[in-house]
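Next comes work08.cif, with mmCIF, C-alpha atoms.
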data_start
#
loop_
_atom_site.group_PDB
_atom_site.id
_atom_site.type_symbol
_atom_site.label_atom_id
_atom_site.label_comp_id
_atom_site.auth_asym_id
_atom_site.auth_seq_id
_atom_site.Cartn_x
_atom_site.Cartn_y
_atom_site.Cartn_z
ATOM 1 C CA MET E 253 137.340 102.676 115.965
ATOM 2 C CA LYS E 254 138.256 106.330 116.114
ATOM 3 C CA PHE E 255 139.217 108.191 112.968
ATOM 4 C CA ILE E 256 140.285 111.661 111.954
ATOM 5 C CA VAL E 257 139.507 112.768 108.422
ATOM 6 C CA ILE E 258 141.300 115.864 107.177
ATOM 7 C CA GLY E 259 139.458 117.738 104.478
ATOM 8 C CA ALA E 260 135.679 117.953 104.132
ATOM 9 C CA GLY E 261 135.693 118.106 100.357
ATOM 10 C CA ARG E 262 134.248 115.474 98.068
ATOM 11 C CA VAL E 263 136.636 112.728 99.132
ATOM 12 C CA GLY E 264 136.854 113.532 102.831
ATOM 13 C CA GLN E 265 133.154 114.073 103.398
ATOM 14 C CA ARG E 266 132.183 110.799 101.723
ATOM 15 C CA THR E 267 134.861 108.869 103.546
ATOM 16 C CA ALA E 268 133.640 110.286 106.850
ATOM 17 C CA ARG E 269 130.051 109.314 106.016
ATOM 18 C CA VAL E 270 130.972 105.739 105.137
ATOM 19 C CA LEU E 271 132.970 105.362 108.354
ATOM 20 C CA ARG E 272 130.097 106.788 110.392
ATOM 21 C CA GLU E 273 127.588 104.477 108.711
ATOM 22 C CA GLU E 274 129.747 101.562 109.812
ATOM 23 C CA GLY E 275 129.550 102.763 113.389
ATOM 24 C CA HIS E 276 132.942 104.393 113.770
ATOM 25 C CA GLU E 277 133.712 107.610 115.559
ATOM 26 C CA VAL E 278 134.836 110.290 113.105
ATOM 27 C CA THR E 279 136.233 113.773 113.639
ATOM 28 C CA ILE E 280 136.707 116.011 110.612
ATOM 29 C CA ILE E 281 139.344 118.726 110.347
ATOM 30 C CA GLU E 282 138.536 121.418 107.798
ATOM 31 C CA ARG E 283 140.194 124.765 107.135
ATOM 32 C CA ASP E 284 137.335 126.418 105.274
ATOM 33 C CA SER E 285 134.546 127.762 107.496
ATOM 34 C CA SER E 286 131.675 127.177 105.073
ATOM 35 C CA LYS E 287 132.776 123.583 104.463
ATOM 36 C CA SER E 288 133.122 123.164 108.229
ATOM 37 C CA ASP E 289 129.568 124.417 108.706
ATOM 38 C CA ALA E 290 128.296 122.036 106.047
ATOM 39 C CA ALA E 291 129.991 119.081 107.738
ATOM 40 C CA ARG E 292 128.625 120.153 111.141
ATOM 41 C CA SER E 293 125.096 120.386 109.798
ATOM 42 C CA ASP E 294 125.653 116.885 108.434
ATOM 43 C CA GLY E 295 126.120 115.881 112.078
ATOM 44 C CA PHE E 296 129.899 115.546 112.245
ATOM 45 C CA THR E 297 132.251 116.711 114.952
ATOM 46 C CA VAL E 298 134.366 119.292 113.134
ATOM 47 C CA VAL E 299 137.588 120.974 114.191
ATOM 48 C CA GLU E 300 138.067 124.089 112.112
ATOM 49 C CA GLY E 301 141.719 124.616 111.291
ATOM 50 C CA ASP E 302 144.782 123.476 109.387
ATOM 51 C CA GLY E 303 145.115 119.698 109.643
ATOM 52 C CA SER E 304 148.829 119.863 108.955
ATOM 53 C CA ARG E 305 149.408 121.560 112.336
ATOM 54 C CA GLU E 306 150.002 119.448 115.406
ATOM 55 C CA ALA E 307 147.950 121.673 117.715
ATOM 56 C CA VAL E 308 144.903 121.257 115.481
ATOM 57 C CA LEU E 309 145.384 117.495 115.232
ATOM 58 C CA GLU E 310 145.625 117.344 119.021
ATOM 59 C CA VAL E 311 142.316 119.171 119.401
ATOM 60 C CA ALA E 312 140.835 116.599 117.025
ATOM 61 C CA GLY E 313 142.119 113.825 119.275
ATOM 62 C CA VAL E 314 145.124 112.454 117.395
ATOM 63 C CA GLU E 315 146.431 111.082 120.706
ATOM 64 C CA ASP E 316 143.890 108.300 120.831
ATOM 65 C CA ALA E 317 142.816 108.076 117.174
ATOM 66 C CA ASP E 318 143.362 104.767 115.416
ATOM 67 C CA ALA E 319 143.937 106.246 111.986
ATOM 68 C CA VAL E 320 144.157 109.552 110.170
ATOM 69 C CA GLY E 321 143.042 110.078 106.581
ATOM 70 C CA ALA E 322 144.803 113.064 105.028
ATOM 71 C CA LEU E 323 142.352 113.595 102.197
ATOM 72 C CA THR E 324 142.708 117.244 101.191
ATOM 73 C CA GLY E 325 143.720 118.318 97.713
ATOM 74 C CA ASP E 326 146.931 119.799 99.145
ATOM 75 C CA LEU E 327 149.771 117.281 99.040
ATOM 76 C CA ASN E 328 152.009 119.256 101.358
ATOM 77 C CA ALA E 329 149.310 119.482 103.997
ATOM 78 C CA ASN E 330 148.488 115.808 103.584
ATOM 79 C CA PHE E 331 152.080 114.716 104.005
ATOM 80 C CA ALA E 332 152.718 116.958 107.007
ATOM 81 C CA ALA E 333 149.551 115.612 108.646
ATOM 82 C CA CYS E 334 150.716 112.022 108.107
ATOM 83 C CA LEU E 335 154.120 112.832 109.610
ATOM 84 C CA ILE E 336 152.475 114.141 112.767
ATOM 85 C CA ALA E 337 149.845 111.404 112.937
ATOM 86 C CA LYS E 338 152.472 108.676 112.557
ATOM 87 C CA HIS E 339 154.411 110.232 115.396
ATOM 88 C CA HIS E 340 151.276 109.805 117.521
ATOM 89 C CA GLY E 341 151.045 106.151 116.534
ATOM 90 C CA CYS E 342 148.165 106.399 114.073
ATOM 91 C CA ARG E 343 147.747 104.466 110.889
ATOM 92 C CA THR E 344 147.992 107.015 108.076
ATOM 93 C CA VAL E 345 146.338 107.235 104.695
ATOM 94 C CA MET E 346 147.285 109.952 102.264
ATOM 95 C CA ARG E 347 145.472 111.196 99.185
ATOM 96 C CA ILE E 348 147.578 112.007 96.136
ATOM 97 C CA ASP E 349 146.620 113.957 93.029
ATOM 98 C CA GLU E 350 148.598 112.103 90.359
ATOM 99 C CA ASP E 351 148.917 108.355 90.150
ATOM 100 C CA TYR E 352 152.659 108.307 89.432
ATOM 101 C CA ARG E 353 153.190 109.747 92.914
ATOM 102 C CA GLU E 354 151.833 106.573 94.503
ATOM 103 C CA GLU E 355 155.106 104.795 93.855
ATOM 104 C CA ILE E 356 157.169 107.719 95.130
ATOM 105 C CA TYR E 357 155.313 108.014 98.426
ATOM 106 C CA GLN E 358 155.255 104.271 98.976
ATOM 107 C CA GLN E 359 158.980 104.175 98.489
ATOM 108 C CA TYR E 360 160.085 107.257 100.378
ATOM 109 C CA ALA E 361 157.376 108.210 102.841
ATOM 110 C CA ASP E 362 157.585 105.719 105.722
ATOM 111 C CA GLU E 363 155.102 107.877 107.601
ATOM 112 C CA VAL E 364 152.385 107.065 105.087
ATOM 113 C CA ASP E 365 150.879 103.606 105.474
ATOM 114 C CA GLU E 366 148.689 103.775 102.439
ATOM 115 C CA VAL E 367 148.381 106.067 99.441
ATOM 116 C CA ILE E 368 145.090 106.580 97.667
ATOM 117 C CA TYR E 369 144.348 108.128 94.320
ATOM 118 C CA PRO E 370 140.576 108.751 94.210
ATOM 119 C CA GLU E 371 140.460 108.946 90.427
ATOM 120 C CA ARG E 372 141.673 105.364 90.134
ATOM 121 C CA LEU E 373 138.876 104.125 92.382
ATOM 122 C CA GLY E 374 136.467 106.220 90.343
ATOM 123 C CA ALA E 375 137.746 104.560 87.194
ATOM 124 C CA ILE E 376 137.077 101.094 88.638
ATOM 125 C CA GLY E 377 133.507 102.180 89.410
ATOM 126 C CA ALA E 378 133.024 103.643 85.953
ATOM 127 C CA LYS E 379 134.407 100.502 84.339
ATOM 128 C CA ASN E 380 131.974 98.360 86.360
ATOM 129 C CA ALA E 381 129.083 100.561 85.342
ATOM 130 C CA LEU E 382 130.065 100.385 81.684
ATOM 131 C CA LEU E 383 130.524 96.620 81.722
ATOM 132 C CA GLY E 384 127.339 96.093 83.710
ATOM 133 C CA GLY E 385 126.169 92.624 84.610
ATOM 134 C CA SER E 386 127.358 90.128 87.149
ATOM 135 C CA VAL E 387 131.028 90.931 87.642
ATOM 136 C CA ARG E 388 132.282 93.872 89.647
ATOM 137 C CA ALA E 389 135.922 94.724 90.097
ATOM 138 C CA ILE E 390 136.384 95.658 93.766
ATOM 139 C CA ALA E 391 140.037 96.519 93.885
ATOM 140 C CA ASP E 392 143.278 96.356 91.998
ATOM 141 C CA ILE E 393 145.462 94.741 94.669
ATOM 142 C CA ALA E 394 148.559 95.120 92.546
ATOM 143 C CA GLN E 395 149.153 95.925 88.923
ATOM 144 C CA ASN E 396 148.271 92.388 87.866
ATOM 145 C CA ILE E 397 145.943 91.180 90.630
ATOM 146 C CA GLN E 398 142.317 92.117 91.051
ATOM 147 C CA VAL E 399 139.494 91.241 93.419
ATOM 148 C CA LEU E 400 136.203 90.573 91.639
ATOM 149 C CA LEU E 401 132.769 90.277 93.171
ATOM 150 C CA ILE E 402 130.761 87.916 91.022
ATOM 151 C CA THR E 403 127.034 87.339 91.283
ATOM 152 C CA ILE E 404 125.938 83.834 90.306
ATOM 153 C CA THR E 405 123.217 83.903 87.657
ATOM 154 C CA ASP E 406 120.846 81.292 86.262
ATOM 155 C CA GLU E 407 123.309 80.888 83.401
ATOM 156 C CA SER E 408 126.349 80.249 85.623
ATOM 157 C CA PRO E 409 127.992 76.950 84.640
ATOM 158 C CA MET E 410 128.802 76.312 88.313
ATOM 159 C CA ARG E 411 125.277 76.976 89.604
ATOM 160 C CA GLY E 412 124.184 74.096 91.832
ATOM 161 C CA TYR E 413 127.741 72.967 92.550
ATOM 162 C CA THR E 414 129.467 73.330 95.928
ATOM 163 C CA LEU E 415 132.561 75.490 96.333
ATOM 164 C CA SER E 416 134.719 72.382 96.692
ATOM 165 C CA GLU E 417 133.634 71.356 93.199
ATOM 166 C CA VAL E 418 134.516 74.669 91.585
ATOM 167 C CA ALA E 419 137.812 74.211 89.774
ATOM 168 C CA LEU E 420 139.141 77.717 89.313
ATOM 169 C CA PRO E 421 142.369 78.466 87.447
ATOM 170 C CA ALA E 422 145.522 78.047 89.541
ATOM 171 C CA ALA E 423 146.178 81.803 89.650
ATOM 172 C CA SER E 424 142.896 82.557 91.439
ATOM 173 C CA ARG E 425 141.238 81.957 94.832
ATOM 174 C CA ILE E 426 137.760 82.318 96.243
ATOM 175 C CA ILE E 427 138.202 84.621 99.224
ATOM 176 C CA ALA E 428 134.618 85.223 100.342
ATOM 177 C CA PHE E 429 131.143 83.843 99.767
ATOM 178 C CA GLY E 430 127.668 85.123 100.535
ATOM 179 C CA LYS E 431 124.185 83.771 99.961
ATOM 180 C CA SER E 432 121.898 86.101 98.008
ATOM 181 C CA ASP E 433 120.291 87.443 101.192
ATOM 182 C CA GLY E 434 123.268 87.220 103.571
ATOM 183 C CA PRO E 435 126.528 89.036 104.184
ATOM 184 C CA LEU E 436 129.815 87.903 102.666
ATOM 185 C CA GLY E 437 131.760 85.508 104.891
ATOM 186 C CA ILE E 438 134.560 82.990 104.860
ATOM 187 C CA PRO E 439 133.928 80.437 102.080
ATOM 188 C CA LEU E 440 133.257 76.871 103.198
ATOM 189 C CA GLN E 441 133.786 73.769 101.086
ATOM 190 C CA ASP E 442 130.106 72.769 101.426
ATOM 191 C CA ASP E 443 128.624 76.138 100.413
ATOM 192 C CA SER E 444 126.570 75.621 97.295
ATOM 193 C CA LEU E 445 126.268 78.161 94.518
ATOM 194 C CA GLU E 446 122.736 79.334 93.783
ATOM 195 C CA ALA E 447 121.543 82.150 91.573
ATOM 196 C CA GLY E 448 121.980 85.453 93.378
ATOM 197 C CA ASP E 449 124.838 84.257 95.603
ATOM 198 C CA ARG E 450 127.992 86.312 95.545
ATOM 199 C CA VAL E 451 131.583 85.122 95.335
ATOM 200 C CA ALA E 452 134.642 87.314 95.828
ATOM 201 C CA VAL E 453 137.579 86.045 93.815
ATOM 202 C CA LEU E 454 141.212 87.107 93.896
ATOM 203 C CA ALA E 455 142.715 86.557 90.454
ATOM 204 C CA THR E 456 145.550 87.625 88.237
ATOM 205 C CA PHE E 457 144.562 89.524 85.114
ATOM 206 C CA SER E 458 145.637 86.623 82.906
ATOM 207 C CA VAL E 459 142.897 84.342 84.260
ATOM 208 C CA LEU E 460 140.124 86.903 84.833
ATOM 209 C CA GLU E 461 138.324 85.826 81.692
ATOM 210 C CA ASP E 462 138.521 82.111 82.645
ATOM 211 C CA VAL E 463 137.101 82.910 86.090
ATOM 212 C CA ARG E 464 134.323 84.923 84.515
ATOM 213 C CA GLN E 465 133.412 82.138 82.127
ATOM 214 C CA LEU E 466 133.307 79.557 84.917
ATOM 215 C CA LEU E 467 131.232 81.533 87.385
ATOM 216 C CA VAL E 468 129.110 83.718 85.116
ATOM 217 C CA GLY E 469 129.130 81.892 81.817
ATOM 218 C CA GLU E 470 129.121 83.410 78.383
ATOM 219 C CA ASP E 471 126.333 85.520 77.015
ATOM 220 C CA SER E 472 123.618 83.245 75.694
ATOM 221 C CA ALA E 473 124.724 84.097 72.176
ATOM 222 C CA ALA E 474 128.203 82.692 72.708
ATOM 223 C CA PRO E 475 128.987 79.036 73.439
ATOM 224 C CA LEU E 476 130.683 78.131 76.703
ATOM 225 C CA VAL E 477 134.329 77.348 76.317
ATOM 226 C CA GLY E 478 134.605 73.599 76.665
ATOM 227 C CA GLY E 479 130.894 73.394 77.316
ATOM 228 C CA LYS E 480 129.665 72.490 73.879
ATOM 229 C CA MET L 285 180.509 135.580 89.660
ATOM 230 C CA THR L 286 178.582 132.789 91.315
ATOM 231 C CA VAL L 287 174.902 132.241 90.699
ATOM 232 C CA THR L 288 172.811 129.975 92.915
ATOM 233 C CA ALA L 289 169.389 128.833 91.837
ATOM 234 C CA TYR L 290 166.714 126.436 93.006
ATOM 235 C CA ILE L 291 164.877 124.453 90.388
ATOM 236 C CA LEU L 292 161.533 122.881 91.268
ATOM 237 C CA VAL L 293 160.939 119.837 89.130
ATOM 238 C CA LYS L 294 157.663 118.083 88.422
ATOM 239 C CA ALA L 295 157.847 114.576 87.031
ATOM 240 C CA ASN L 296 155.297 112.275 85.477
ATOM 241 C CA THR L 297 156.953 109.034 86.502
ATOM 242 C CA GLY L 298 157.200 107.048 89.696
ATOM 243 C CA ASP L 299 160.784 106.197 88.815
ATOM 244 C CA ALA L 300 162.142 108.805 91.192
ATOM 245 C CA ASP L 301 165.514 107.160 91.867
ATOM 246 C CA ARG L 302 166.515 107.129 88.214
ATOM 247 C CA VAL L 303 165.424 110.732 87.664
ATOM 248 C CA LYS L 304 167.276 111.889 90.774
ATOM 249 C CA ALA L 305 170.437 110.065 89.707
ATOM 250 C CA GLU L 306 170.290 111.622 86.247
ATOM 251 C CA ILE L 307 169.765 115.096 87.697
ATOM 252 C CA GLN L 308 172.778 114.624 89.972
ATOM 253 C CA THR L 309 175.062 113.891 87.047
ATOM 254 C CA ILE L 310 174.409 117.335 85.491
ATOM 255 C CA ASP L 311 177.355 119.671 85.862
ATOM 256 C CA GLY L 312 176.512 122.522 88.254
ATOM 257 C CA VAL L 313 173.963 120.588 90.303
ATOM 258 C CA VAL L 314 175.112 120.603 93.914
ATOM 259 C CA ASP L 315 172.070 119.064 95.586
ATOM 260 C CA ALA L 316 168.896 117.261 94.581
ATOM 261 C CA HIS L 317 166.106 115.991 96.794
ATOM 262 C CA ILE L 318 162.940 114.039 96.265
ATOM 263 C CA VAL L 319 160.269 116.044 98.089
ATOM 264 C CA ALA L 320 156.694 115.610 99.259
ATOM 265 C CA GLY L 321 154.191 118.043 97.814
ATOM 266 C CA ASP L 322 153.179 119.576 94.518
ATOM 267 C CA VAL L 323 156.606 119.158 92.954
ATOM 268 C CA ASP L 324 158.703 116.017 93.025
ATOM 269 C CA PHE L 325 162.295 117.274 93.223
ATOM 270 C CA ILE L 326 164.048 120.409 94.387
ATOM 271 C CA VAL L 327 167.449 120.887 92.808
ATOM 272 C CA LYS L 328 170.099 123.370 93.893
ATOM 273 C CA VAL L 329 172.569 124.563 91.297
ATOM 274 C CA THR L 330 175.637 126.723 91.688
ATOM 275 C CA VAL L 331 177.136 128.002 88.445
ATOM 276 C CA ASP L 332 179.025 130.997 87.089
ATOM 277 C CA SER L 333 176.331 132.752 85.070
ATOM 278 C CA PRO L 334 172.527 133.087 84.823
ATOM 279 C CA ALA L 335 172.740 131.702 81.296
ATOM 280 C CA ARG L 336 174.225 128.517 82.682
ATOM 281 C CA VAL L 337 171.199 128.179 85.013
ATOM 282 C CA LYS L 338 168.975 128.282 81.975
ATOM 283 C CA ASP L 339 171.074 125.590 80.269
ATOM 284 C CA ILE L 340 170.733 123.272 83.242
ATOM 285 C CA ALA L 341 166.982 123.761 83.550
ATOM 286 C CA ALA L 342 166.127 123.768 79.856
ATOM 287 C CA ALA L 343 168.582 121.361 78.296
ATOM 288 C CA GLY L 344 169.798 119.358 81.253
ATOM 289 C CA ILE L 345 166.796 118.636 83.455
ATOM 290 C CA GLN L 346 164.052 118.998 80.858
ATOM 291 C CA GLY L 347 165.967 116.559 78.687
ATOM 292 C CA ILE L 348 165.564 113.731 81.202
ATOM 293 C CA SER L 349 162.825 111.294 80.365
ATOM 294 C CA GLY L 350 159.899 111.548 82.801
ATOM 295 C CA ILE L 351 160.248 115.264 83.516
ATOM 296 C CA GLU L 352 157.088 117.252 82.985
ATOM 297 C CA ASP L 353 157.885 120.770 84.085
ATOM 298 C CA THR L 354 160.462 122.914 85.862
ATOM 299 C CA GLN L 355 160.309 126.226 87.697
ATOM 300 C CA THR L 356 163.533 128.073 88.307
ATOM 301 C CA TYR L 357 164.226 130.524 91.136
ATOM 302 C CA ILE L 358 167.508 132.419 91.101
ATOM 303 C CA ALA L 359 168.690 133.271 94.610
ATOM 304 C CA MET L 360 169.082 136.999 95.368
ATOM 305 C CA GLY L 361 170.676 137.020 98.738
#

Could you render the structure as structure tokens?
Amino acid sequence: MKFIVIGAGRVGQRTARVLREEGHEVTIIERDSSKSDAARSDGFTVVEGDGSREAVLEVAGVEDADAVGALTGDLNANFAACLIAKHHGCRTVMRIDEDYREEIYQQYADEVDEVIYPERLGAIGAKNALLGGSVRAIADIAQNIQVLLITITDESPMRGYTLSEVALPAASRIIAFGKSDGPLGIPLQDDSLEAGDRVAVLATFSVLEDVRQLLVGEDSAAPLVGGK
Amino acid sequence: MTVTAYILVKANTGDADRVKAEIQTIDGVVDAHIVAGDVDFIVKVTVDSPARVKDIAAAGIQGISGIEDTQTYIAMG
């Protein structure tokens, strides 16, 4: 797919790199000449200019871009860029600088398809790092729903069972499964859980702990709930 | 004497509808918009003295729950 990323700062540059690594075509728009140079020497196509101006977005190819990420630290510029990009039929993603604004833009800004607050994603990463171990929170889907990526360990109570035998709490679903050496894919009833396999689970916060206990087990010091 | 002023309002809540409605009930406020950008609302007031502008910004708007900061610009022309 073809993407335009506005802003070659910390957020924009990394987003552009991830998209490129996945084989997508990325054009960066950056106002600052030294940041533009840095992005160019990193191998990106860079349009130097103000991404909130239509002429600049046109040079960057907004006409046939699939999506535009307005990822600068300037909310006004980000919103104006989304307005223009939406007009050209692009999917639009806008960076905000305060989390309370997420609600406001989702409610009022029809031109913005998705709002991101980088600090929140950073907090999920930091929480994972602090917790360590076999459970990683991937995303907060809504305030009370999270996607977890769980690695099956030797201690997992469900190790050796097939997915059809895993009885998760009602407010949770297995949404993807991957063997230890393979990519994540659609879960099949016959897939069996071995140490090192990964399971992505969608769950409400109220059952997160139950899911964790089923798929990861307690620390060896603590007894399994219902297991002993 | 008529004084017109624009008050830029920064909130710390996503509850923009409630804040806007409360701002609109303040006497002297003639217009209030939720805006994109660094501030969350721009409010236009028309009153009969500069002191009244201060009352609206300080007591009226700042008194609403969820308001973080205001900046007031009195129109000159």

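Once the PyMOL selection byres ((chain L and resi 343-352) around 7) is applied to this file, the selection holds Lys294, Ala295, Asn296, Thr297, Ile307, Ile310, Asp339, Ile340, Ala341, Ala342 and Asp353 of chain L.
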
Let me have the centre and edge lengths in Å, one decimal, of the box along x, y and z around every listed atom of region 263-266 of chain E with 4 Å of margin on each side, as JSON.
{"center_x": 134.5, "center_y": 112.4, "center_z": 101.3, "size_x": 12.7, "size_y": 11.3, "size_z": 12.3}

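Interface residues of chain L facing chain E, defined by any atom at most 10 Å away and using only C-alpha atoms, are Ala295, Asn296, Thr297, Gly298, Asp299, Ala300, Asp301, Ile318, Val319, Ala320, Gly321, Asp322, Val323 and Asp324 of chain L.
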
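Once the PyMOL selection byres ((chain E and resi 437) around 12) is applied to this file, the selection holds Ile426, Ile427, Ala428, Phe429, Gly430, Lys431, Gly434, Pro435, Leu436, Ile438, Pro439, Leu440, Asp443, Asp449, Arg450, Val451 and Ala452 of chain E.
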
Limited to C-alpha atoms, could you put the picked residues into a file as a JSON list (two decimals), in the frame of the given file?
[["chain", "number", "residue", "atom", "x", "y", "z"],
["E", 426, "ILE", "CA", 137.76, 82.32, 96.24],
["E", 427, "ILE", "CA", 138.20, 84.62, 99.22],
["E", 428, "ALA", "CA", 134.62, 85.22, 100.34],
["E", 429, "PHE", "CA", 131.14, 83.84, 99.77],
["E", 430, "GLY", "CA", 127.67, 85.12, 100.54],
["E", 431, "LYS", "CA", 124.18, 83.77, 99.96],
["E", 434, "GLY", "CA", 123.27, 87.22, 103.57],
["E", 435, "PRO", "CA", 126.53, 89.04, 104.18],
["E", 436, "LEU", "CA", 129.82, 87.90, 102.67],
["E", 438, "ILE", "CA", 134.56, 82.99, 104.86],
["E", 439, "PRO", "CA", 133.93, 80.44, 102.08],
["E", 440, "LEU", "CA", 133.26, 76.87, 103.20],
["E", 443, "ASP", "CA", 128.62, 76.14, 100.41],
["E", 449, "ASP", "CA", 124.84, 84.26, 95.60],
["E", 450, "ARG", "CA", 127.99, 86.31, 95.54],
["E", 451, "VAL", "CA", 131.58, 85.12, 95.34],
["E", 452, "ALA", "CA", 134.64, 87.31, 95.83]]

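Across the model, the gap from CA of Ala455 (chain E) to CA of Ala394 (chain E) is 10.6 Å.
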
Query raised in the report: Applied to the shown file, which residues does the PyMOL selection byres ((chain L and resi 288) around 7) return, written as a VMD selection string?
Result: chain L and resid 286 to 287 289 329 to 331 358 to 359

Output of the above residues as a compact mmCIF listing (two decimals), keeping the file's coordinate frame, restricted to C-alpha atoms:
# COMPACT_ATOMS: atom_id res chain seq x y z
CA THR L 286 178.58 132.79 91.32
CA VAL L 287 174.90 132.24 90.70
CA ALA L 289 169.39 128.83 91.84
CA VAL L 329 172.57 124.56 91.30
CA THR L 330 175.64 126.72 91.69
CA VAL L 331 177.14 128.00 88.44
CA ILE L 358 167.51 132.42 91.10
CA ALA L 359 168.69 133.27 94.61

Report task. Could you jot down the CA of Asp315 (chain L) to CA of Val327 (chain L) separation for me, Å, one decimal place? Result -> 5.7 Å
